[in-house]
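Novice: coords09.txt (compact mmCIF, C-alpha atoms) pasted underneath:
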# COMPACT_ATOMS: atom_id res chain seq x y z
CA MET J 25 160.89 263.16 27.97
CA LEU J 26 158.21 260.53 28.47
CA HIS J 27 156.85 261.46 25.09
CA ASN J 28 160.03 260.49 23.24
CA ALA J 29 160.85 257.57 25.51
CA SER J 30 157.47 256.00 24.86
CA ILE J 31 158.19 255.27 21.17
CA PRO J 32 160.16 252.04 21.78
CA ILE J 33 157.63 251.05 24.44
CA VAL J 34 154.85 251.23 21.86
CA THR J 35 156.93 249.03 19.54
CA ILE J 36 157.37 246.42 22.25
CA VAL J 37 153.67 246.52 23.11
CA GLY J 38 152.86 245.72 19.49
CA ILE J 39 155.32 242.83 19.29
CA GLN J 40 154.30 241.42 22.66
CA PHE J 41 150.64 241.55 21.74
CA GLY J 42 151.22 239.29 18.77
CA TYR J 43 153.33 236.99 20.88
CA LEU J 44 150.61 236.77 23.54
CA LEU J 45 147.91 236.09 20.94
CA GLY J 46 149.90 233.03 19.84
CA GLY J 47 150.68 232.16 23.45
CA THR J 48 146.99 231.92 24.35
CA VAL J 49 146.85 228.54 22.61
CA ILE J 50 149.44 227.10 24.98
CA ILE J 51 148.33 228.98 28.11
CA GLU J 52 144.69 227.97 27.66
CA GLN J 53 145.78 224.36 27.24
CA ILE J 54 147.85 224.44 30.45
CA PHE J 55 145.18 226.03 32.63
CA ALA J 56 142.17 224.47 30.86
CA LEU J 57 140.67 227.87 30.01
CA PRO J 58 137.83 227.81 27.48
CA GLY J 59 139.05 230.50 25.07
CA LEU J 60 139.91 231.25 21.48
CA GLY J 61 143.18 229.31 21.64
CA ARG J 62 141.52 226.19 22.92
CA LEU J 63 138.85 226.48 20.26
CA LEU J 64 141.57 226.62 17.63
CA LEU J 65 143.38 223.63 19.09
CA THR J 66 140.28 221.44 19.30
CA GLY J 67 139.53 222.50 15.73
CA ILE J 68 142.96 221.31 14.61
CA LEU J 69 142.81 218.06 16.59
CA LYS J 70 139.34 217.22 15.24
CA GLN J 71 140.23 218.43 11.73
CA ASP J 72 137.37 220.89 11.78
CA TYR J 73 138.81 223.26 9.20
CA ALA J 74 135.96 225.79 9.29
CA VAL J 75 136.68 226.43 12.98
CA VAL J 76 140.44 226.65 12.32
CA GLN J 77 139.97 229.09 9.44
CA SER J 78 137.64 231.39 11.31
CA THR J 79 139.70 231.43 14.53
CA VAL J 80 142.92 232.14 12.66
CA MET J 81 141.14 234.85 10.70
CA VAL J 82 139.87 236.56 13.85
CA VAL J 83 143.26 236.48 15.56
CA ALA J 84 145.12 237.64 12.44
CA VAL J 85 142.72 240.57 11.99
CA ALA J 86 143.21 241.52 15.64
CA PHE J 87 146.98 241.34 15.16
CA VAL J 88 146.88 243.52 12.04
CA LEU J 89 144.63 246.05 13.78
CA VAL J 90 147.01 246.26 16.76
CA ASN J 91 149.91 246.84 14.38
CA LEU J 92 147.90 249.56 12.68
CA ALA J 93 147.20 251.13 16.07
CA VAL J 94 150.94 251.00 16.85
CA ASP J 95 151.77 252.74 13.57
CA LEU J 96 149.16 255.42 14.19
CA THR J 97 150.51 255.94 17.72
CA TYR J 98 153.96 256.49 16.21
CA ARG J 99 152.54 259.19 14.08
CA ALA J 100 150.96 260.87 17.05
CA LEU J 101 154.15 260.58 19.12
CA ASP J 102 156.66 261.56 16.46
CA PRO J 103 155.36 263.84 13.68
CA ARG J 104 158.51 263.11 11.62
CA ALA J 105 157.22 259.56 11.07
CA ARG J 106 154.62 261.08 8.78
CA LEU J 107 157.13 261.05 5.94
CA ARG J 108 156.75 257.61 4.41
CA MET Z 12 199.47 237.83 -17.46
CA THR Z 13 197.04 237.35 -14.59
CA ASP Z 14 193.37 237.44 -15.34
CA PRO Z 15 192.08 240.79 -14.03
CA THR Z 16 188.77 239.24 -13.03
CA GLN Z 17 190.57 237.12 -10.43
CA ARG Z 18 191.80 240.15 -8.54
CA LEU Z 19 188.33 241.62 -8.54
CA ASP Z 20 186.91 238.45 -7.01
CA ALA Z 21 189.24 238.86 -4.07
CA ALA Z 22 188.47 242.54 -3.58
CA PRO Z 23 185.40 242.61 -1.28
CA VAL Z 24 185.92 242.20 2.43
CA ALA Z 25 184.56 238.73 3.00
CA PRO Z 26 184.21 237.63 6.64
CA GLY Z 27 186.99 235.27 7.69
CA GLY Z 28 186.74 231.51 7.46
CA LEU Z 29 184.97 229.30 9.96
CA ARG Z 30 188.06 229.17 12.17
CA ASP Z 31 188.22 232.97 12.44
CA VAL Z 32 184.54 233.14 13.35
CA VAL Z 33 184.87 230.47 16.04
CA ARG Z 34 187.94 232.25 17.43
CA GLY Z 35 186.05 235.55 17.50
CA VAL Z 36 183.10 233.99 19.30
CA TRP Z 37 185.45 232.35 21.81
CA ARG Z 38 187.00 235.74 22.62
CA ASP Z 39 183.56 237.02 23.70
CA ARG Z 40 182.57 235.87 27.19
CA ASN Z 41 178.90 235.25 26.34
CA GLY Z 42 179.92 233.64 23.07
CA ARG Z 43 182.22 231.22 24.87
CA VAL Z 44 179.41 230.01 27.16
CA GLY Z 45 177.02 229.82 24.22
CA LEU Z 46 179.47 227.90 22.06
CA ALA Z 47 180.20 225.44 24.88
CA VAL Z 48 176.51 224.86 25.71
CA THR Z 49 175.57 224.47 22.06
CA GLY Z 50 178.50 222.11 21.49
CA VAL Z 51 177.49 219.91 24.43
CA LEU Z 52 173.86 219.84 23.26
CA GLY Z 53 174.97 218.94 19.75
CA VAL Z 54 177.08 216.06 21.05
CA VAL Z 55 174.20 214.82 23.26
CA ALA Z 56 171.79 215.02 20.30
CA LEU Z 57 174.15 213.13 17.99
CA ALA Z 58 174.82 210.48 20.66
CA ALA Z 59 171.07 210.04 21.21
CA ALA Z 60 170.51 209.81 17.46
CA VAL Z 61 172.83 206.81 17.18
CA GLY Z 62 171.28 205.20 20.28
CA LEU Z 63 173.92 206.14 22.85
CA THR Z 64 171.67 206.81 25.86
CA PRO Z 65 171.98 205.22 29.33
CA TYR Z 66 168.72 203.28 28.76
CA ASP Z 67 166.37 202.73 25.82
CA PRO Z 68 164.26 205.94 25.85
CA ILE Z 69 161.03 204.14 24.96
CA ALA Z 70 161.52 200.86 26.85
CA GLN Z 71 158.89 200.56 29.60
CA ASN Z 72 159.75 198.91 32.89
CA PRO Z 73 156.69 198.44 35.17
CA ALA Z 74 158.88 197.40 38.13
CA ASP Z 75 160.56 200.85 38.31
CA GLN Z 76 157.69 203.34 38.10
CA LEU Z 77 158.30 206.91 39.32
CA VAL Z 78 161.62 206.18 41.00
CA GLY Z 79 163.38 209.35 42.20
CA PRO Z 80 166.76 210.52 40.91
CA SER Z 81 169.58 208.17 41.85
CA GLY Z 82 172.93 206.94 40.56
CA GLU Z 83 171.09 204.34 38.51
CA HIS Z 84 168.49 206.70 37.00
CA TRP Z 85 169.99 210.23 36.95
CA PHE Z 86 166.63 211.95 36.63
CA GLY Z 87 164.47 209.12 37.96
CA THR Z 88 161.82 207.33 35.93
CA ASP Z 89 158.38 208.31 34.67
CA GLN Z 90 154.97 206.67 35.17
CA PHE Z 91 155.85 203.86 32.75
CA GLY Z 92 159.25 203.22 34.31
CA ARG Z 93 161.10 204.85 31.41
CA ASP Z 94 164.42 206.48 32.27
CA VAL Z 95 163.84 210.27 32.27
CA ALA Z 96 167.50 211.13 31.55
CA SER Z 97 167.53 208.90 28.45
CA ARG Z 98 164.23 210.35 27.30
CA THR Z 99 165.54 213.88 27.81
CA PHE Z 100 168.66 213.13 25.75
CA ALA Z 101 166.53 211.62 22.99
CA GLY Z 102 164.19 214.61 23.32
CA ILE Z 103 167.09 217.03 22.81
CA GLY Z 104 167.95 215.02 19.70
CA ALA Z 105 164.37 215.21 18.41
CA SER Z 106 164.07 218.94 19.14
CA LEU Z 107 167.41 219.78 17.52
CA ARG Z 108 166.54 217.67 14.47
CA VAL Z 109 163.37 219.68 13.91
CA ALA Z 110 165.05 223.01 14.74
CA VAL Z 111 168.10 222.48 12.50
CA LEU Z 112 166.02 221.25 9.56
CA ALA Z 113 163.54 224.13 9.91
CA VAL Z 114 166.18 226.83 10.26
CA ALA Z 115 168.26 225.43 7.39
CA LEU Z 116 165.22 225.48 5.10
CA ALA Z 117 164.18 228.97 6.22
CA ALA Z 118 167.71 230.39 5.99
CA VAL Z 119 168.32 229.08 2.45
CA ILE Z 120 164.93 230.07 1.04
CA GLY Z 121 164.75 233.37 2.91
CA THR Z 122 168.31 234.42 2.07
CA VAL Z 123 168.01 233.61 -1.62
CA ALA Z 124 164.65 235.39 -1.84
CA GLY Z 125 165.88 238.38 0.19
CA VAL Z 126 169.20 238.88 -1.63
CA THR Z 127 167.67 238.49 -5.08
CA SER Z 128 164.75 240.80 -4.28
CA GLY Z 129 167.08 243.43 -2.82
CA TYR Z 130 169.54 243.19 -5.72
CA LEU Z 131 167.13 242.90 -8.64
CA GLY Z 132 164.36 245.15 -7.30
CA GLY Z 133 161.39 245.78 -9.57
CA PHE Z 134 158.59 243.29 -9.99
CA TRP Z 135 160.35 240.43 -8.18
CA ASP Z 136 160.96 242.70 -5.19
CA GLN Z 137 157.25 243.57 -5.13
CA VAL Z 138 156.22 239.89 -5.21
CA VAL Z 139 158.62 238.89 -2.41
CA GLY Z 140 157.69 241.97 -0.40
CA ARG Z 141 153.96 241.29 -0.55
CA LEU Z 142 154.41 237.60 0.30
CA THR Z 143 156.49 238.42 3.37
CA ASP Z 144 153.89 241.01 4.40
CA VAL Z 145 151.20 238.32 4.26
CA LEU Z 146 153.29 235.96 6.39
CA PHE Z 147 154.04 238.74 8.88
CA ALA Z 148 150.31 239.40 9.34
CA PHE Z 149 149.94 236.26 11.46
CA PRO Z 150 151.34 235.86 14.97
CA ALA Z 151 154.22 233.36 14.68
CA ILE Z 152 152.87 230.47 16.75
CA LEU Z 153 149.44 230.85 15.20
CA LEU Z 154 150.88 230.63 11.68
CA ALA Z 155 152.79 227.47 12.64
CA LEU Z 156 149.61 226.00 14.15
CA SER Z 157 147.53 226.69 11.06
CA ILE Z 158 150.18 225.23 8.74
CA ILE Z 159 150.21 222.06 10.84
CA ALA Z 160 146.41 222.03 10.72
CA ALA Z 161 146.69 221.96 6.92
CA LEU Z 162 149.62 219.52 6.61
CA GLY Z 163 148.83 217.17 9.50
CA ARG Z 164 150.79 216.33 12.65
CA GLY Z 165 154.30 214.93 12.94
CA TRP Z 166 157.85 216.18 13.36
CA LEU Z 167 158.53 216.73 9.65
CA ASN Z 168 155.43 218.90 9.22
CA THR Z 169 156.41 220.79 12.37
CA ALA Z 170 159.79 221.53 10.82
CA ILE Z 171 158.13 222.73 7.60
CA ALA Z 172 155.73 224.93 9.59
CA ILE Z 173 158.54 226.53 11.62
CA ALA Z 174 160.53 227.04 8.41
CA ILE Z 175 157.66 228.89 6.74
CA VAL Z 176 157.23 231.12 9.81
CA TYR Z 177 160.92 232.04 9.71
CA VAL Z 178 161.33 232.60 5.95
CA PRO Z 179 160.03 236.23 6.01
CA ILE Z 180 162.40 237.13 8.84
CA PHE Z 181 165.39 235.89 6.83
CA VAL Z 182 164.06 237.74 3.78
CA ARG Z 183 164.08 241.00 5.74
CA VAL Z 184 167.49 240.35 7.28
CA ALA Z 185 169.02 239.57 3.87
CA ARG Z 186 167.26 242.26 1.86
CA GLY Z 187 168.19 245.32 3.94
CA PRO Z 188 172.00 245.05 3.73
CA THR Z 189 171.73 243.98 0.07
CA LEU Z 190 170.13 247.32 -0.78
CA ALA Z 191 173.17 249.07 0.73
CA VAL Z 192 175.82 246.73 -0.74
CA ARG Z 193 174.27 246.93 -4.21
CA GLU Z 194 175.28 250.58 -4.48
CA LEU Z 195 178.95 250.08 -3.49
CA GLU Z 196 181.80 250.58 -5.95
CA TYR Z 197 183.07 247.01 -6.07
CA VAL Z 198 179.67 245.79 -7.20
CA ALA Z 199 179.61 248.46 -9.89
CA ALA Z 200 183.14 247.37 -10.87
CA CYS Z 201 181.99 243.75 -11.19
CA ARG Z 202 179.18 244.86 -13.44
CA VAL Z 203 181.56 246.90 -15.59
CA VAL Z 204 183.88 243.90 -15.99
CA GLY Z 205 180.85 241.95 -17.18
CA PHE Z 206 180.35 239.37 -14.45
CA SER Z 207 177.11 237.44 -14.64
CA GLY Z 208 174.35 238.45 -12.23
CA ARG Z 209 174.63 235.12 -10.43
CA ARG Z 210 178.37 235.50 -9.90
CA ILE Z 211 177.99 239.02 -8.50
CA LEU Z 212 175.15 237.92 -6.24
CA PHE Z 213 176.70 234.82 -4.73
CA ARG Z 214 180.40 235.72 -4.70
CA HIS Z 215 180.32 239.45 -4.02
CA VAL Z 216 177.00 240.47 -2.49
CA LEU Z 217 176.15 237.41 -0.38
CA PRO Z 218 179.45 237.20 1.56
CA ASN Z 219 179.12 240.87 2.47
CA VAL Z 220 175.60 240.58 3.84
CA SER Z 221 176.15 237.24 5.59
CA ALA Z 222 176.99 238.54 9.10
CA PRO Z 223 173.45 239.43 10.24
CA ILE Z 224 172.13 236.25 8.60
CA VAL Z 225 174.54 234.08 10.62
CA VAL Z 226 173.47 235.83 13.84
CA GLN Z 227 169.84 235.33 12.88
CA VAL Z 228 170.45 231.60 12.38
CA ALA Z 229 171.51 231.20 16.03
CA LEU Z 230 168.52 233.19 17.30
CA ALA Z 231 166.17 231.32 14.96
CA LEU Z 232 167.45 227.99 16.31
CA SER Z 233 166.59 228.97 19.87
CA TRP Z 234 163.13 230.13 18.81
CA ALA Z 235 162.62 226.94 16.78
CA ILE Z 236 163.44 224.77 19.78
CA LEU Z 237 160.91 226.68 21.89
CA THR Z 238 158.25 226.43 19.19
CA GLU Z 239 158.89 222.74 18.62
CA ALA Z 240 158.50 222.19 22.36
CA GLY Z 241 155.29 224.24 22.35
CA LEU Z 242 153.78 222.38 19.40
CA SER Z 243 154.76 218.98 20.79
CA PHE Z 244 153.28 220.07 24.12
CA LEU Z 245 149.98 220.61 22.32
CA GLY Z 246 150.27 217.16 20.76
CA LEU Z 247 150.92 218.43 17.23
CA GLY Z 248 154.68 217.96 16.87
CA THR Z 249 156.67 214.83 17.59
CA GLN Z 250 154.27 211.96 18.23
CA PRO Z 251 154.48 209.44 21.11
CA PRO Z 252 156.06 207.04 21.96
CA GLU Z 253 159.03 208.94 20.54
CA SER Z 254 160.30 211.40 23.11
CA SER Z 255 160.43 215.15 22.67
CA LEU Z 256 161.01 217.87 25.25
CA GLY Z 257 157.55 219.40 24.80
CA LEU Z 258 155.88 216.01 24.91
CA MET Z 259 157.70 215.13 28.15
CA VAL Z 260 156.62 218.40 29.81
CA SER Z 261 153.06 217.73 28.70
CA ASP Z 262 153.14 214.17 30.11
CA ALA Z 263 154.66 215.41 33.37
CA ARG Z 264 151.99 218.04 33.98
CA ASN Z 265 149.84 215.76 36.14
CA LEU Z 266 152.83 214.26 37.92
CA VAL Z 267 154.65 217.42 38.88
CA THR Z 268 153.46 217.41 42.51
CA THR Z 269 154.33 213.75 43.09
CA ALA Z 270 157.35 213.31 40.82
CA TRP Z 271 158.97 216.68 40.10
CA TRP Z 272 161.92 215.14 38.24
CA THR Z 273 159.75 214.11 35.29
CA MET Z 274 159.11 217.82 34.65
CA ALA Z 275 162.46 219.23 35.77
CA ALA Z 276 164.71 217.39 33.30
CA PRO Z 277 162.98 218.31 30.01
CA ALA Z 278 162.17 221.84 31.22
CA LEU Z 279 165.81 222.43 32.20
CA ALA Z 280 166.94 221.08 28.84
CA VAL Z 281 164.73 223.58 26.97
CA ILE Z 282 165.91 226.47 29.16
CA ILE Z 283 169.59 225.59 28.78
CA ALA Z 284 169.27 225.13 25.01
CA VAL Z 285 167.51 228.48 24.53
CA ILE Z 286 169.92 230.41 26.78
CA GLY Z 287 172.92 228.75 25.13
CA LEU Z 288 171.81 229.57 21.61
CA ASN Z 289 170.96 233.17 22.56
CA LEU Z 290 174.42 233.62 24.08
CA LEU Z 291 175.92 232.09 20.93
CA GLY Z 292 173.95 234.63 18.90
CA ASP Z 293 175.36 237.45 21.08
CA GLY Z 294 178.87 236.09 20.61
CA LEU Z 295 178.43 235.80 16.85
CA ARG Z 296 177.17 239.36 16.72
CA SER Z 297 180.20 240.80 18.46
CA ALA Z 298 182.56 238.53 16.49
CA LEU Z 299 181.12 239.42 13.09
CA ASP Z 300 180.27 243.07 13.67
CA PRO Z 301 183.13 244.88 15.44
CA LYS Z 302 181.15 248.13 15.49
CA GLU Z 303 178.65 246.74 17.97
CA ASP Z 304 181.37 245.51 20.29
CA ARG Z 305 181.19 248.24 22.92
CA ARG Z 306 178.02 248.51 24.93
Represent the structure of the file as structure tokens.

Specialist:
Amino acid sequence: MLHNASIPIVTIVGIQFGYLLGGTVIIEQIFALPGLGRLLLTGILKQDYAVVQSTVMVVAVAFVLVNLAVDLTYRALDPRARLR
Amino acid sequence: MTDPTQRLDAAPVAPGGLRDVVRGVWRDRNGRVGLAVTGVLGVVALAAAVGLTPYDPIAQNPADQLVGPSGEHWFGTDQFGRDVASRTFAGIGASLRVAVLAVALAAVIGTVAGVTSGYLGGFWDQVVGRLTDVLFAFPAILLALSIIAALGRGWLNTAIAIAIVYVPIFVRVARGPTLAVRELEYVAACRVVGFSGRRILFRHVLPNVSAPIVVQVALALSWAILTEAGLSFLGLGTQPPESSLGLMVSDARNLVTTAWWTMAAPALAVIIAVIGLNLLGDGLRSALDPKEDRR
């Protein structure tokens, strides 16, 4: 039961992860946390494009990797998903 | 003799006119609330746009700093003595301006790209598909942030950034049903009669895939308002002294313990707008898609 029920949960985890990665920019600004989001924001405000490019790159790669992990988890959970 | 092509044009089941849609939404309980909230917000935004606010939203008044809510100032005043209610109304106007412009751009570009790529297939479908994949690789807010980093700050660039983030979603929403509709008999009939590709696309395919797109427009509006508030909060969207909901929340951050009303009014406005538009989206869904009516 849990096995089959966990498929939509994995989907949501993937979506939420992307949402949270974007949300870090705002959260870190609110609570003055020195993190990746704040680095990106200071980069934008000071027009330091090298910092913006690299931060966006890192976050986008993380996002793609999480989506890959989600897809692989599907495959493990539901062997029928192999057909594609 | 009647022209046989005319009867064919009338054949597909197009969704009813605007009046039918509004009536359908009104019949749904969520839809009714959503329609009412959205209507009120629209009126407030239009009134603020033509300058109909209780006070001038950017006029400072040092004598009335941080006054609490009263009959004179409904939501009190901020640290510069500006009327918070007026600034909230103007902020709703600014947020809706960005959201409507962004969603209109995204819906038009995304729908045209999605319907054509679904209908034509082949190379064009590959190009559109890869481009949407690239855009989907970035978390939404991050993509908007980086576009603003490239274009510069300001409300117009914010609208463009939000539009670009939403284009791939409209492409997906338009492309899927188009693949199904393309195979139906009436489209084949149109092709046999010799209609031009453009006529088939816009008069026969588009009306029959429009329902999910209309629902998506309402949901996209609510997301666009949230994102505009977020970007303005970070200082990248609407620029001061113009008021915007996100900007007001950002200004009120340090005041929230001493003057809660400066935070409450814009925050409530964002919450009400997002809930209203989501309910409107629910109502549109049950009005346009009778199959999903029962839950």

Novice: Counting only C-alpha atoms, which residues of chain Z come no farther than 7 Å from chain J, as a VMD selection string?

Specialist: chain Z and resid 148 to 153 160

Novice: Using all atoms listed in the file, which of Z:Gly62, Z:Gly53, Z:Pro277, Z:Pro80 sits nearest Ala110 in chain Z?

Specialist: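 Distance minimum relative to Ala110 in chain Z lands on Z:Gly53.
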
Novice: Could you state the separation of CA of Ser261 in chain Z and CA of Tyr177 in chain Z in Å, given to one decimal place?

Specialist: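 According to the coordinates, CA of Ser261 in chain Z and CA of Tyr177 in chain Z are separated by 25.0 Å.
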
Novice: Skipping near chain neighbours, those fewer than 6 positions away, what residues fall within 12 Å of Leu101 in chain J using all atoms listed in the file, listed as a ChimeraX atom specification?

Specialist: /J:25-35,94-95

Novice: Identify, on the basis of only C-alpha atoms, every residue whose closest approach to range 119-129 of chain Z does not exceed 9 Å; exclude the query and any residue fewer than 4 positions from it along the same chain; express the result as a VMD selection string.

Specialist: chain Z and resid 114 to 115 133 to 140 177 to 190 193 212 216 to 217 220 224

Novice: Can you spit out the residues from that selection as a PDB file, in the frame of the given file, using C-alpha atoms?

Specialist:
ATOM      1  CA  VAL Z 114     166.180 226.830  10.260  1.00  0.00           C
ATOM      2  CA  ALA Z 115     168.260 225.430   7.390  1.00  0.00           C
ATOM      3  CA  GLY Z 133     161.390 245.780  -9.570  1.00  0.00           C
ATOM      4  CA  PHE Z 134     158.590 243.290  -9.990  1.00  0.00           C
ATOM      5  CA  TRP Z 135     160.350 240.430  -8.180  1.00  0.00           C
ATOM      6  CA  ASP Z 136     160.960 242.700  -5.190  1.00  0.00           C
ATOM      7  CA  GLN Z 137     157.250 243.570  -5.130  1.00  0.00           C
ATOM      8  CA  VAL Z 138     156.220 239.890  -5.210  1.00  0.00           C
ATOM      9  CA  VAL Z 139     158.620 238.890  -2.410  1.00  0.00           C
ATOM     10  CA  GLY Z 140     157.690 241.970  -0.400  1.00  0.00           C
ATOM     11  CA  TYR Z 177     160.920 232.040   9.710  1.00  0.00           C
ATOM     12  CA  VAL Z 178     161.330 232.600   5.950  1.00  0.00           C
ATOM     13  CA  PRO Z 179     160.030 236.230   6.010  1.00  0.00           C
ATOM     14  CA  ILE Z 180     162.400 237.130   8.840  1.00  0.00           C
ATOM     15  CA  PHE Z 181     165.390 235.890   6.830  1.00  0.00           C
ATOM     16  CA  VAL Z 182     164.060 237.740   3.780  1.00  0.00           C
ATOM     17  CA  ARG Z 183     164.080 241.000   5.740  1.00  0.00           C
ATOM     18  CA  VAL Z 184     167.490 240.350   7.280  1.00  0.00           C
ATOM     19  CA  ALA Z 185     169.020 239.570   3.870  1.00  0.00           C
ATOM     20  CA  ARG Z 186     167.260 242.260   1.860  1.00  0.00           C
ATOM     21  CA  GLY Z 187     168.190 245.320   3.940  1.00  0.00           C
ATOM     22  CA  PRO Z 188     172.000 245.050   3.730  1.00  0.00           C
ATOM     23  CA  THR Z 189     171.730 243.980   0.070  1.00  0.00           C
ATOM     24  CA  LEU Z 190     170.130 247.320  -0.780  1.00  0.00           C
ATOM     25  CA  ARG Z 193     174.270 246.930  -4.210  1.00  0.00           C
ATOM     26  CA  LEU Z 212     175.150 237.920  -6.240  1.00  0.00           C
ATOM     27  CA  VAL Z 216     177.000 240.470  -2.490  1.00  0.00           C
ATOM     28  CA  LEU Z 217     176.150 237.410  -0.380  1.00  0.00           C
ATOM     29  CA  VAL Z 220     175.600 240.580   3.840  1.00  0.00           C
ATOM     30  CA  ILE Z 224     172.130 236.250   8.600  1.00  0.00           C
TER      31      ILE Z 224
END

Novice: Can you list, as number ranges by chain, every protein, DNA or RNA residue that comes within 9 Å of Leu242 in chain Z when you count all atoms listed in the file, leaving out same-chain residues fewer than 6 positions away?

Specialist: J: 50; Z: 152, 155-156, 169, 248-249, 257-258
